[in-house]
Each structure stands twice: as structure tokens, then as C-alpha cells.
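Note sheet for the following structure.
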Amino acid sequence: MRRPLRADEAYNEYVKDFYRKIEDYDWNEVTDNFKGLESFLHRSREQRLRALIKQYGRGEHYLDVGCGTGLILRHLPAGAIGIDLNPRHIDRARNYAPQASIEIGDAEHLRFSDRQFSTVVCTEVLEHLVHPEYALSEIYRVLQPGGVLIGSTPRQALLWRFRFLSSTHHHNEPFHNEFSHQELITLLSGFQIYLFQAGFFRANWYFVAEKQ
């Protein structure tokens, strides 16, 4: 007999189903073409993360966890792997990032071996996870000792109160978290944090953390 889901597990699956079955946002389209004020947010994030990857990226084995339509993945070295829970994103990401290998995957259950990657990118993903600590535990597992995690998340900021004005994002999104400084520091407590900064009108956190 199948074990019944606990309340938090059921909610976690409910949130995941939104991304599996409903969400259909093309970050590259909104970034590369003016679709509203959020285009500036995405362009700023893309530029900042490209700089961080250039400065802090290590080794030859890259993984983009929650790659979406390939906004950041397209800037990673050839042979990088991208995973995303949303099947509608896969073909788009393959088009935008033809140098990468892209597949459906769950950040909480990475199929990869221990210590497989030298650099993991995880940008604008943790805020959509009911249990971001599960994903970070998996990222830690697949990173090599000395490997780095480069990421970004929304920060607790006034800007996010105006998301309802966006014409492109799903207004029925079931879960979206903005992290306080302490919340994100706690989530990253297993890593050695090299960089932790606010950006774009202090609406986002950018971080670089190393696996010891």
C-alpha cells in the first residue's frame, strides 16, 4: 500500500505540479526583447551572473539546476548540463543553449553521482521550492570538494509587492519566497560563502559558495 503524503509533502507536490503542467514563461524572450519592466530585471541578473561565472566558475564540469529556458545556461561552457522540472522549457533551452545537454530533472532529487561537478549554477530557483534545503543538500552532494555554487534569489524588498503589475508572469503562481539575509545565510551554512551581495535596487541576493 502506498504511504499517504504528509501535508507538507502534498503541498510540495502541488507546487511542483504548477511548474510541470502550467507555468510557461520564456525568460530569454522577455530578456532579449522589451516585454515590460521585468525585462530590465532579467537583463541585470543575466549580466551579473555572467560576470560571477567568469570570475568564480571552476573546472570543466558545469551544472545549471533549474535552467528554465536557458537564460544563464547559454553562457556556460560547452558540455554544461541543464535540468528543469518544466517539460515546456526543455525545447526552448535546447534552442537557446545548443552547446549544452538539457533534460528534465528535479532539484530535490538530482540523478548525478556524488562529486560530479566543479561548478553548479542555481539562479532564481530556491524561491520556488517549498523545501530549498533539499535542493541545496543535493547540490552539495554533486559538487566536488572545492567546487562552487553560484546563484541568486529574490531578497525581501518592496519591489516584489508590485509583481501583480507584470503582464508576463503567472498571477496564480502558488509559491514565491523572498529571503531575508539570515534565512539565506542559514540555508548556505554547509558552504564556505565567498560572496553575498544585494543587487538590482536591492531586490535580489547574489552569492558564491564553496564546498569544503
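Chains: A, B, ... in order of the C-alpha cells. Residues: from 1 per chain. Ligands: from 1, in order shown.
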**Request:** Would you list the contacts of Arg92 in chain A as a list in words, taking every protein, DNA or RNA residue within 8 Å and counting only C-alpha atoms, but skipping same-chain residues closer than 2 positions in sequence?
**Result:**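 In the requested form, the answer reads Asp26, Thr69, Gly70, Arg88, His89, Ile90, Arg94, Asn95 and Tyr96 of chain A.
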Selected residues written out with all heavy atoms, as a CSV table (one decimal), in the first residue's frame:
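Final output, selection-v4.csv:
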```csv
chain,number,residue,atom,x,y,z
A,26,ASP,N,9.0,32.3,-20.8
A,26,ASP,CA,10.2,32.3,-21.5
A,26,ASP,C,11.1,33.4,-21.1
A,26,ASP,O,11.0,34.6,-21.5
A,26,ASP,CB,9.9,32.4,-23.0
A,26,ASP,CG,11.1,32.1,-23.9
A,26,ASP,OD1,12.2,32.4,-23.5
A,26,ASP,OD2,10.9,31.7,-25.0
A,69,THR,N,14.5,28.3,-19.4
A,69,THR,CA,14.7,28.3,-20.9
A,69,THR,C,16.1,28.6,-21.3
A,69,THR,O,16.3,28.8,-22.5
A,69,THR,CB,13.7,29.3,-21.5
A,69,THR,OG1,14.0,30.6,-21.0
A,69,THR,CG2,12.3,29.0,-21.3
A,70,GLY,N,17.0,28.6,-20.4
A,70,GLY,CA,18.5,28.7,-20.8
A,70,GLY,C,19.1,30.0,-20.7
A,70,GLY,O,20.1,30.3,-21.3
A,88,ARG,N,8.1,22.1,-20.8
A,88,ARG,CA,7.9,23.1,-21.9
A,88,ARG,C,9.2,23.9,-22.0
A,88,ARG,O,9.4,24.5,-23.1
A,88,ARG,CB,6.7,24.0,-21.6
A,88,ARG,CG,5.4,23.3,-21.7
A,88,ARG,CD,4.3,24.1,-21.1
A,88,ARG,NE,4.5,24.4,-19.7
A,88,ARG,CZ,4.2,23.4,-18.7
A,88,ARG,NH1,3.9,22.2,-19.1
A,88,ARG,NH2,4.4,23.7,-17.5
A,89,HIS,N,10.0,23.9,-21.0
A,89,HIS,CA,11.3,24.7,-21.1
A,89,HIS,C,12.4,23.9,-21.9
A,89,HIS,O,13.3,24.6,-22.4
A,89,HIS,CB,11.8,25.0,-19.7
A,89,HIS,CG,11.0,25.9,-19.0
A,89,HIS,ND1,11.1,26.1,-17.6
A,89,HIS,CD2,10.0,26.8,-19.4
A,89,HIS,CE1,10.2,27.1,-17.2
A,89,HIS,NE2,9.6,27.5,-18.3
A,90,ILE,N,12.3,22.6,-22.0
A,90,ILE,CA,13.4,21.8,-22.5
A,90,ILE,C,13.7,22.2,-23.9
A,90,ILE,O,14.9,22.5,-24.3
A,90,ILE,CB,13.1,20.3,-22.3
A,90,ILE,CG1,12.9,20.0,-20.8
A,90,ILE,CG2,14.3,19.5,-22.9
A,90,ILE,CD1,14.0,20.4,-19.9
A,94,ARG,N,17.1,24.1,-25.3
A,94,ARG,CA,18.0,23.5,-26.4
A,94,ARG,C,18.2,24.4,-27.5
A,94,ARG,O,19.2,24.4,-28.2
A,94,ARG,CB,17.3,22.2,-26.8
A,94,ARG,CG,17.5,21.0,-25.8
A,94,ARG,CD,16.7,19.8,-26.2
A,94,ARG,NE,16.9,18.7,-25.2
A,94,ARG,CZ,16.0,17.7,-25.0
A,94,ARG,NH1,15.0,17.6,-25.8
A,94,ARG,NH2,16.3,16.8,-24.1
A,95,ASN,N,17.2,25.2,-27.8
A,95,ASN,CA,17.3,26.2,-28.9
A,95,ASN,C,18.2,27.4,-28.5
A,95,ASN,O,19.1,27.8,-29.3
A,95,ASN,CB,15.9,26.8,-29.3
A,95,ASN,CG,16.0,27.8,-30.4
A,95,ASN,OD1,16.5,27.5,-31.5
A,95,ASN,ND2,15.5,29.0,-30.1
A,96,TYR,N,18.1,27.8,-27.3
A,96,TYR,CA,18.9,29.0,-26.8
A,96,TYR,C,20.3,28.6,-26.4
A,96,TYR,O,21.2,29.4,-26.4
A,96,TYR,CB,18.2,29.6,-25.6
A,96,TYR,CG,16.9,30.4,-25.9
A,96,TYR,CD1,15.7,30.1,-25.2
A,96,TYR,CD2,16.9,31.4,-26.8
A,96,TYR,CE1,14.5,30.7,-25.5
A,96,TYR,CE2,15.7,32.1,-27.1
A,96,TYR,CZ,14.5,31.8,-26.4
A,96,TYR,OH,13.4,32.4,-26.7
```
Interface rows for range 124-150 of chain A against range 104-111 of chain A: nearest pair, Å to one decimal, 10 Å, only C-alpha atoms, as a tab-separated table:
```
residue	atom	partner	partner_atom	distance
A:Val125	CA	A:Ala107	CA	9.0
A:Leu126	CA	A:Ala107	CA	9.3
A:Leu129	CA	A:Glu108	CA	9.0
A:His131	CA	A:Glu108	CA	8.4
A:Pro132	CA	A:Glu108	CA	8.1
A:Glu133	CA	A:Glu108	CA	8.6
A:Tyr134	CA	A:Glu108	CA	5.3
A:Ala135	CA	A:Glu108	CA	4.4
A:Leu136	CA	A:Glu108	CA	8.0
A:Ser137	CA	A:Glu108	CA	8.1
A:Glu138	CA	A:Glu108	CA	6.4
A:Ile139	CA	A:Leu110	CA	8.0
A:Arg141	CA	A:Leu110	CA	9.2
A:Val142	CA	A:Leu110	CA	8.1
```
**Asked** So how far away is CA of Glu103 in chain A from CA of Lys54 in chain A, in Å?
**Response**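 The value is 24.1 Å.
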**Asked** Excluding same-chain residues fewer than 6 positions from range 100-102 of chain A, what lies within 10 Å of it counting only C-alpha atoms, as a PyMOL selection string?
**Response** chain A and resi 62-64+67+69-70+73-84+89-91+93-94
**Request:** Might you pull out every residue within 12 Å of Trp205 in chain A, with only C-alpha atoms counted and same-chain residues fewer than 4 positions away left off, and present them as number ranges by chain?
**Result:** A: 45, 48-49, 123-124, 126-127, 150-157, 178-185, 195-201
Just the selected residues (N, CA and C atoms), exported as an mmCIF file, in the first residue's frame, please.
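The new file part_25.cif reads:
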```
data_model
loop_
_atom_site.group_PDB
_atom_site.id
_atom_site.type_symbol
_atom_site.label_atom_id
_atom_site.label_comp_id
_atom_site.auth_asym_id
_atom_site.auth_seq_id
_atom_site.Cartn_x
_atom_site.Cartn_y
_atom_site.Cartn_z
ATOM 1 N N ARG A 45 20.182 40.690 -14.044
ATOM 2 C CA ARG A 45 20.562 39.401 -13.456
ATOM 3 C C ARG A 45 21.485 38.628 -14.391
ATOM 4 N N ARG A 48 24.977 40.214 -14.329
ATOM 5 C CA ARG A 48 25.669 39.983 -13.064
ATOM 6 C C ARG A 48 26.150 38.536 -12.956
ATOM 7 N N LEU A 49 25.315 37.610 -13.341
ATOM 8 C CA LEU A 49 25.691 36.206 -13.227
ATOM 9 C C LEU A 49 26.758 35.823 -14.237
ATOM 10 N N THR A 123 20.015 29.768 -10.174
ATOM 11 C CA THR A 123 19.591 31.160 -10.145
ATOM 12 C C THR A 123 18.080 31.298 -10.268
ATOM 13 N N GLU A 124 17.478 32.009 -9.327
ATOM 14 C CA GLU A 124 16.029 32.241 -9.270
ATOM 15 C C GLU A 124 15.267 30.914 -9.274
ATOM 16 N N LEU A 126 15.518 28.748 -5.888
ATOM 17 C CA LEU A 126 15.258 28.400 -4.491
ATOM 18 C C LEU A 126 13.959 29.010 -3.973
ATOM 19 N N GLU A 127 13.595 30.173 -4.483
ATOM 20 C CA GLU A 127 12.373 30.847 -4.003
ATOM 21 C C GLU A 127 11.103 30.118 -4.403
ATOM 22 N N ILE A 150 27.116 29.007 -7.601
ATOM 23 C CA ILE A 150 26.880 30.403 -7.975
ATOM 24 C C ILE A 150 25.383 30.575 -8.161
ATOM 25 N N GLY A 151 24.781 31.511 -7.434
ATOM 26 C CA GLY A 151 23.330 31.611 -7.507
ATOM 27 C C GLY A 151 22.770 32.968 -7.202
ATOM 28 N N SER A 152 21.448 33.033 -7.315
ATOM 29 C CA SER A 152 20.724 34.253 -6.968
ATOM 30 C C SER A 152 19.315 33.880 -6.530
ATOM 31 N N THR A 153 18.745 34.720 -5.679
ATOM 32 C CA THR A 153 17.368 34.560 -5.218
ATOM 33 C C THR A 153 16.782 35.944 -4.993
ATOM 34 N N PRO A 154 15.447 36.059 -4.956
ATOM 35 C CA PRO A 154 14.856 37.332 -4.539
ATOM 36 C C PRO A 154 15.181 37.635 -3.082
ATOM 37 N N ARG A 155 15.332 38.909 -2.815
ATOM 38 C CA ARG A 155 15.567 39.410 -1.466
ATOM 39 C C ARG A 155 14.284 40.054 -0.956
ATOM 40 N N GLN A 156 14.065 40.029 0.333
ATOM 41 C CA GLN A 156 12.919 40.744 0.885
ATOM 42 C C GLN A 156 13.053 42.221 0.541
ATOM 43 N N ALA A 157 12.134 42.694 -0.319
ATOM 44 C CA ALA A 157 12.243 44.067 -0.818
ATOM 45 C C ALA A 157 10.882 44.557 -1.275
ATOM 46 N N GLU A 178 10.683 35.404 -0.748
ATOM 47 C CA GLU A 178 11.770 36.391 -0.774
ATOM 48 C C GLU A 178 12.553 36.212 0.522
ATOM 49 N N PHE A 179 13.855 35.983 0.387
ATOM 50 C CA PHE A 179 14.662 35.585 1.530
ATOM 51 C C PHE A 179 15.241 36.777 2.278
ATOM 52 N N SER A 180 15.225 36.683 3.590
ATOM 53 C CA SER A 180 15.979 37.622 4.406
ATOM 54 C C SER A 180 17.449 37.210 4.370
ATOM 55 N N HIS A 181 18.298 38.122 4.804
ATOM 56 C CA HIS A 181 19.736 37.839 4.883
ATOM 57 C C HIS A 181 19.989 36.590 5.719
ATOM 58 N N GLN A 182 19.376 36.521 6.898
ATOM 59 C CA GLN A 182 19.637 35.409 7.801
ATOM 60 C C GLN A 182 19.095 34.095 7.253
ATOM 61 N N GLU A 183 17.937 34.126 6.608
ATOM 62 C CA GLU A 183 17.373 32.899 6.047
ATOM 63 C C GLU A 183 18.309 32.276 5.018
ATOM 64 N N LEU A 184 18.832 33.095 4.131
ATOM 65 C CA LEU A 184 19.689 32.561 3.083
ATOM 66 C C LEU A 184 21.047 32.137 3.634
ATOM 67 N N ILE A 185 21.586 32.902 4.580
ATOM 68 C CA ILE A 185 22.841 32.503 5.222
ATOM 69 C C ILE A 185 22.683 31.144 5.897
ATOM 70 N N LEU A 195 30.994 35.166 -1.521
ATOM 71 C CA LEU A 195 30.363 36.423 -1.920
ATOM 72 C C LEU A 195 28.888 36.372 -1.564
ATOM 73 N N PHE A 196 28.390 37.473 -1.023
ATOM 74 C CA PHE A 196 26.979 37.564 -0.656
ATOM 75 C C PHE A 196 26.603 39.041 -0.779
ATOM 76 N N GLN A 197 25.884 39.383 -1.852
ATOM 77 C CA GLN A 197 25.609 40.790 -2.145
ATOM 78 C C GLN A 197 24.180 40.980 -2.624
ATOM 79 N N ALA A 198 23.637 42.150 -2.361
ATOM 80 C CA ALA A 198 22.351 42.549 -2.922
ATOM 81 C C ALA A 198 22.588 43.251 -4.249
ATOM 82 N N GLY A 199 21.610 43.131 -5.145
ATOM 83 C CA GLY A 199 21.736 43.777 -6.443
ATOM 84 C C GLY A 199 20.397 44.213 -6.986
ATOM 85 N N PHE A 200 20.390 44.937 -8.093
ATOM 86 C CA PHE A 200 19.213 45.462 -8.778
ATOM 87 C C PHE A 200 18.214 46.069 -7.806
ATOM 88 N N PHE A 201 18.514 47.285 -7.365
ATOM 89 C CA PHE A 201 17.674 48.001 -6.401
ATOM 90 C C PHE A 201 17.448 47.179 -5.140
#
```
**Asked** Which one of A:Asn12, A:Ser118, A:Thr31, A:Asn86 sits closest to Gly146 in chain A if you count only C-alpha atoms?
**Response** A:Ser118
**Prompt:** Using the chain letters and numbers from this document, which residues of range 36-147 of chain A does DSSP assign to strand (DSSP E), as a ChimeraX atom specification?
**Reply:** /A:62-65,81-84,101-104,117-123,143-147
**Length of the CA of Glu46 in chain A to CA of Leu187 in chain A vector [Å]** = 23.1 Å
Near-range 19-22 of chain A list (8 Å; only C-alpha atoms; drop same-chain fewer than 4 positions) as an mmCIF file with N, CA, C and O atoms, in the first residue's frame:
```cif
data_model
loop_
_atom_site.group_PDB
_atom_site.id
_atom_site.type_symbol
_atom_site.label_atom_id
_atom_site.label_comp_id
_atom_site.auth_asym_id
_atom_site.auth_seq_id
_atom_site.Cartn_x
_atom_site.Cartn_y
_atom_site.Cartn_z
ATOM 1 N N VAL A 15 2.851 22.371 -5.531
ATOM 2 C CA VAL A 15 3.654 23.463 -6.085
ATOM 3 C C VAL A 15 4.436 22.973 -7.302
ATOM 4 O O VAL A 15 4.487 23.649 -8.340
ATOM 5 N N LEU A 85 12.429 21.175 -14.171
ATOM 6 C CA LEU A 85 11.242 20.366 -13.892
ATOM 7 C C LEU A 85 10.168 20.550 -14.957
ATOM 8 O O LEU A 85 9.312 19.682 -15.139
ATOM 9 N N ASN A 86 10.207 21.660 -15.675
ATOM 10 C CA ASN A 86 9.156 22.051 -16.609
ATOM 11 C C ASN A 86 9.452 21.505 -18.009
ATOM 12 O O ASN A 86 10.404 21.943 -18.650
ATOM 13 N N PRO A 87 8.648 20.576 -18.518
ATOM 14 C CA PRO A 87 8.942 19.998 -19.837
ATOM 15 C C PRO A 87 8.838 20.997 -20.980
ATOM 16 O O PRO A 87 9.477 20.815 -22.021
#
```
**Prompt:** If you run DSSP on the backbone, which residues of range 54-186 of chain A are helix (DSSP H, G or I), as number ranges by chain?
**Reply:** A: 54-56, 73-75, 87-96, 126-128, 132-142, 158-165, 181-186
**Length of the CA of Ala209 in chain A to CA of Gly147 in chain A vector [Å]** = 8.5 Å
